[in-house]
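Read the structure below first, then the notes.
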Amino acid sequence: MYKKNKSFTFLNPEHLAPIRNLELRARLIVEGTIAGLHQSPYHGFSTEFLEYRPYLPGESTRRIDWRKFAKTDRTVVRLFEDETNLFAHILIDKSASMKFSSTKTMDKYDYARTLAASLALILVRQRDAVGLSAFDETTSCYIAPHSTNIQLKTIMAQLDRMEASGVTRCGAALSRLARTLKKRGLCIVISDLFDEPEEIIRGLRHLRFKKQDVIVLRIADPMEQNFKHAASLKIHDLETGEKLSLDPVTAARFFNQGVAGHHAVIKRACRELSIDCELVLTNEPFHKALLRVLDKRRRMS
Amino acid sequence: MLSFYRPAFLWGLVFLAAPIIIHFFNRRRSVLLDFSTVRFFRITAVRASKIRRLKRLLLLCSRCLLIAVIVALFAKPYSKSNPFAALSDPNGAIFCWIDPTISMKYKDGNVQLWERALSLLDSLDQKLPLSSQQYWFSDAQGGFIPKEVITSEKVDFTRNGLAHPEKIFNSLKNTIRNFSGFPLLVIVSDFQDNVSRALDSMSFFNQAKIPIMCVSVAPHAPWNFGIRKASVSREHPSTIVSTISAQGRPCNQTGMSVVSGGMRLGHNVVSVKTNEHVTINTEISNERGGFVSLDVEDPFSFDNVNYFVTEGNKSFRVLVIGDSTKCFPIAAAFRSMQKEWWDPVIVREPRFVSYNDIDSADCIVLNEVSFLPRAVQLLVSTRSMGAKAILFSPGVDSGSIFAGNDFPNIMGKSRKLSDTGAVKPRFLAFPDTLSELWKGFHGLNNVDVGIFRFCDSLRGEALCRLDNGSPFASGLIDSIGNSWILFASPIGLTQSNNLCETGIYVPFLDRVSRFALASIHKDVEEWVAGKPRRNPFYGAKHPALVDNEQGKRMAQWDNQPLVVFNEPGIYRIQPFGLPSYQVAVNIDPEEALFTYRFPHVPSSVKDRVKLCDYGDFLNGLHDEKGPGFFNVLWIMLAALMLAEALLWEKVDKRDNR
């Protein structure tokens with residue numbers, strides 16, 4: 001589906017980091033690469049015309065309004081009300097641990113919200129209802145799913161406004177969200193998952209129980225994936241403020257082992273719950289991460 | 001206290017900087033890292049981190065120590081306190097003192113002890129590094145001098161008397177003062193009791209701050225026959241009393257001869273059991289000096305001859321301290337007694353009394369002294385001058401100052417003066433007229449002697465009293481050993497009594513003075529060959545001439561404080577203006593007592609004083625490894641290399657992860 005293309009290289013985080021406007025950043029990502037690749041798996045029966053939108057390369061040509069093409073010489077696609085019945089919910093981790101960055105370009109939270117904004121844009125464009133929840137130890141923001149452009153603006157504004165702080169309570173946040181969801185839909189969890197594995201699994205199980213398709217995007221800094229440091233360390237926990245003095249070799253040994261074990265547990269549970277759990281590194285181009293998600297959705301459809 | 005045979009290798013210690021620099025080069029400053037979570041760094045990680053840091057530190061220490069040990073192995077360390085190890089020090093100086101006493105002439109087998117001592121030092125010489133220096137103590141030179149200078153004079157090392165250890169110590173101190181290397185004192189002696197006692201008495205080991213090796217060349221089973229003493233009997237001047245002793249073996253049927261004037265005047269056959277002695281009386285026909293000889297072959301022949309004289313000087317020196325006007329009756333009284341008994345009699349004003357005056361006197365009269373001269377204070381406070389007979393009469397006249405306050409332990413803290421007035425004096429009363437003290441006195445009371453003022457609280461045993469029972473003269477021995485005669489009133493010219501004007505004055509002083517001398521067993525001292533003695537004519541205005549038995553002039557004694565006879569024999573002393581007399585000079589009787597013991601080594605200096613016998617010393621010399629220093633270093637090296645291997649592997653492995 002997706003092949004490596006040189007034109008995508010500008011979508012790397014380091015290139016996008018200077019762009020402060022989240023919406024613009026999201027549009028750049030989505031319009032540059034993704035649009036047209038995604039097709040909603042949920043087909044509505046409404047015929048009430050809503051609006052035209054430009055045909056995007058990669059979309060099926062069947063949806064082109066050829067009459068309009070004949071009149072205006074432009075390829076447009078007609079959109080109808082209730083085109084889709086997908087209720088997608090993006091759950092983003094805004095705890096302080098997400099502020100960590102070893103690359104000084106884009107931290108995990110920045111990456112996560114860019115990813116969330118891009119996903120929201122994609123989903124709204126294809127008329128899916130998108131909602132947003134952000135959590136640390138509590139759920140600090142909840143936006144119910146809608147498919148309007150206003151909703152997109154609201155989500156963008158909310159993502160733009162929020163700052164990472166607090167302690168990760170991922171499992172509890174998932175459970176709280178599960179309690180609010182009534183319809184079946186899609187949940188996209190964007191987090192570093194630095195919570196107790198049992199809690200997280202309990203939350204995911206709860207979501208699955210509510211008939212939600214769940215995609216877990218585990219955001220990780222490259223250093224969290226392979227801890228390596230030359231000098232002696234005094235490690236400061238961004239969430240709790242705790243400080244520990246460690247020598248680099250021991251720190252690497254314990255962290256790498258610990259992280260590997262932690263995620264192995266979560267991954268195994270996800271497999272059992274038929275949940276997609278994807279690792280996304282913050283030095284990875286955005287389109288790569290998005291395409292993996294969309295590809296996963298397409299396979300689901 | 002460590003020293004090194006090859007100190008130049010210590011420059012290798014600069015390599016210690018290498019591991020330290022590497023350590024600090026690798027060690028970067030701790031970086032503060034804001035990290036997403038510390039949930040994976042729990043207690044175990046912190047502990048492991050601390051252990052690892054500690055291991056790195058241990059590794060650094062072990063590397064430093066490893067370098068230090070390797071350098072030390074090259075530099076060859078040794079303990080300065082270990083005399084055997086010090087012998088190999090190229091910068092060392094060996095100070096040798098061979099015991100010069102005559103007991104070193106004891107013949108053990110075919111070898112005399114001093115020959116053995118010399119051969120031992122020859123062995124030492126062969127083992128010493130070429131660059132080390134050797135000094136030998138020479139009694140003749142009065143100090144330590146380089147061995148090269150003294151080699152031709154080896155025989156001079158044997159003397160009849162013991163050099164005072166203080167002389168050796170001072171010489172040693174002066175020699176090493178300008179010496180930068182490492183000194184070691186080697187004392188080679190038989191360590192007879194008298195030598196050890198002399199070393200003990202001055203805490204020699206404590207004072208000498210350098211390592212000392214005492215090597216004993218004493219025989220294992222000494223034996224000896226000898227004449228301990230030969231003298232003329234006081235009761236029978238024609239009888240020679242000889243004491244024959246046997247040590248280690250019984251002396252069976254041995255001939256003993258008495259020779260006088262070149263003729264054998266008596267002969268006896270004696271038998272003495274092991275470690276016992278017998279006394280033999282031999283009648284001689286003339287009254288000349290001579291010797292007693294034992295006709296026996298034994299390892300120590302020097303005590304087989306003992307000299308005696310029949311006309312020896314028995315005089316005692318009298319020193320009268322006080323106002324010369326008041327004391328002249330005292331001096332006159334002593335001079336009018338037996339000439340050969342009290343001679344010379346010297347009168348000194350208190351302020352002119354010297355240490356030598358006090359030291360050379362046998363009997364000291366302190367008459368009405370208003371203050372105690374420094375020399376007298378020393379006399380009553382230390383043993384250094386030997387026991388004296390002291391006659392003390394306080395000043396009780398009006399205006400006199402009582403000097404007895406300076407020695408309250410003699411005169412008592414409280415004193416009470418009694419004044420009878422000029423009309424009714426007290427009289428002297430004697431307890432008897434039969435005892436040795438007062439034999440020949442006319443009556444128990446002497447009313448001629450009137451005592452007007454007196455001190456009525458005298459300590460000690462009352463020798464005579466006043467008619468009211470208060471003691472007039474009392475005797476006591478103080479803690480130093482001096483024999484005191486205390487008088488209640490002055491004995492010179494005084495207003496307090498008329499004693500010096502009476503007929504009992506001279507015999508009274510004579511008796512109490514002799515009593516005081518007898519209390520300290522003061523007899524005519526024997527002369528010991530090689531041992532300095534006070535010049536009996538010190539302070540006298542004229543010299544004395546000294547001739548040997550053959551009439552050869554040996555010395556002239558002027559006003560020098562000490563005189564010495566080097567060889568045993570009979571000598572004639574001719575004082576100027578006085579009749580000549582003979583003295584018998586023998587070897588020190590203690591030199592013939594073959595009881596050996598090492599000096600006492602205080603625990604504080606045990607690590608730097610080594611006591612060993614002849615065999616141990618030679619074994620120690622031939623033991624190339626010396627003490628276990630090197631073994632310890634090799635073990636340390638092995639242990640450190642093992643530690644290095646263990647620690648290094650672990651750290652390295654983890655670093656490469």
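Residue names in the structure tokens use chain letters A, B, ... in the order shown, residue numbers from 1 in each chain, and ligand numbers from 1 in the order shown.
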Using only C-alpha atoms, determine which residues lie at most 12 Å from A:Ile64, disregarding the query and same-chain residues fewer than 6 positions distant; provide the list as a tab-separated table (two decimals) with C-alpha atoms, in the first residue's frame.
chain	number	residue	atom	x	y	z
A	52	TYR	CA	-18.48	18.72	-2.55
A	53	ARG	CA	-14.96	18.09	-1.77
A	54	PRO	CA	-11.98	17.75	-3.99
A	55	TYR	CA	-11.08	14.32	-5.22
A	56	LEU	CA	-8.01	13.10	-3.51
A	57	PRO	CA	-5.51	10.95	-5.29
A	58	GLY	CA	-5.89	7.34	-4.36
A	70	ALA	CA	-18.01	17.95	-17.25
A	73	ASP	CA	-13.37	20.44	-15.38
A	74	ARG	CA	-12.62	19.70	-11.71
A	75	THR	CA	-12.70	16.29	-10.06
A	76	VAL	CA	-14.86	16.51	-7.01
A	77	VAL	CA	-16.55	13.99	-4.81
A	78	ARG	CA	-20.07	14.41	-3.44
A	79	LEU	CA	-20.54	14.04	0.26
Taking only C-alpha atoms into account, produce a table as a Markdown table in which each residue of chain A with an atom at most 10 Å from an atom of chain B appears once, together with its shortest atom pair and the distance in Å to one decimal, ordered by chain and rising number.
| residue | atom | partner | partner_atom | distance |
| --- | --- | --- | --- | --- |
| A:Ser95 | CA | B:Ser36 | CA | 9.5 |
| A:Ala96 | CA | B:Ser36 | CA | 7.4 |
| A:Ser97 | CA | B:Ser36 | CA | 4.1 |
| A:Met98 | CA | B:Ser36 | CA | 6.7 |
| A:Lys99 | CA | B:Ser36 | CA | 7.3 |
| A:Phe100 | CA | B:Ser36 | CA | 5.4 |
| A:Ser101 | CA | B:Phe35 | CA | 8.2 |
| A:Ser102 | CA | B:Phe35 | CA | 8.9 |
| A:Lys108 | CA | B:Ser36 | CA | 9.7 |
| A:Val167 | CA | B:Thr37 | CA | 9.8 |
| A:Thr168 | CA | B:Thr37 | CA | 9.9 |
| A:Asp192 | CA | B:Ser36 | CA | 9.2 |
| A:Phe194 | CA | B:Thr37 | CA | 7.4 |
| A:Asp195 | CA | B:Arg39 | CA | 9.0 |
| A:Glu196 | CA | B:Arg39 | CA | 9.7 |
| A:Ala220 | CA | B:Ser36 | CA | 9.9 |
| A:Asp221 | CA | B:Ser36 | CA | 9.4 |
| A:Met223 | CA | B:Phe35 | CA | 9.8 |
| A:Glu224 | CA | B:Ser36 | CA | 8.5 |
| A:Lys228 | CA | B:Arg657 | CA | 9.7 |
| A:His229 | CA | B:Val31 | CA | 9.7 |
| A:Ala230 | CA | B:Arg28 | CA | 8.5 |
| A:Ala231 | CA | B:Arg28 | CA | 5.6 |
| A:Ser232 | CA | B:Ser30 | CA | 4.6 |
| A:Leu233 | CA | B:Val31 | CA | 4.9 |
| A:Lys234 | CA | B:Leu32 | CA | 4.7 |
| A:Ile235 | CA | B:Leu33 | CA | 4.9 |
| A:His236 | CA | B:Asp34 | CA | 4.7 |
| A:Asp237 | CA | B:Thr37 | CA | 5.1 |
| A:Leu238 | CA | B:Ser36 | CA | 5.5 |
| A:Glu239 | CA | B:Thr37 | CA | 6.9 |
| A:Thr240 | CA | B:Thr37 | CA | 8.2 |
| A:Gly241 | CA | B:Asp34 | CA | 9.1 |
| A:Glu242 | CA | B:Val38 | CA | 7.8 |
| A:Lys243 | CA | B:Val38 | CA | 8.2 |
| A:Leu244 | CA | B:Val46 | CA | 7.3 |
| A:Ser245 | CA | B:Val46 | CA | 7.0 |
| A:Leu246 | CA | B:Ser49 | CA | 5.5 |
| A:Asp247 | CA | B:Ser49 | CA | 5.5 |
| A:Pro248 | CA | B:Ser49 | CA | 8.5 |
| A:Val249 | CA | B:Asp655 | CA | 6.3 |
| A:Thr250 | CA | B:Ser49 | CA | 5.7 |
| A:Ala251 | CA | B:Ala45 | CA | 6.9 |
| A:Ala252 | CA | B:Arg657 | CA | 9.0 |
| A:Arg253 | CA | B:Arg657 | CA | 8.4 |
| A:Phe254 | CA | B:Phe41 | CA | 6.4 |
| A:Phe255 | CA | B:Phe40 | CA | 5.4 |
| A:Asn256 | CA | B:Phe40 | CA | 8.5 |
| A:Gln257 | CA | B:Phe40 | CA | 8.4 |
| A:Gly258 | CA | B:Phe40 | CA | 5.4 |
| A:Val259 | CA | B:Phe40 | CA | 7.3 |
| A:His262 | CA | B:Phe40 | CA | 9.3 |
> Quick one: DSSP helix (DSSP H, G or I) residues in stretch 376-552 of chain B, as a count of residues only?
Replying inline: 32
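Minimum distance to A:Arg169 across A:Leu152, A:Leu132, A:Val280, A:Ile92 (counting only C-alpha atoms) occurs at A:Ile92.
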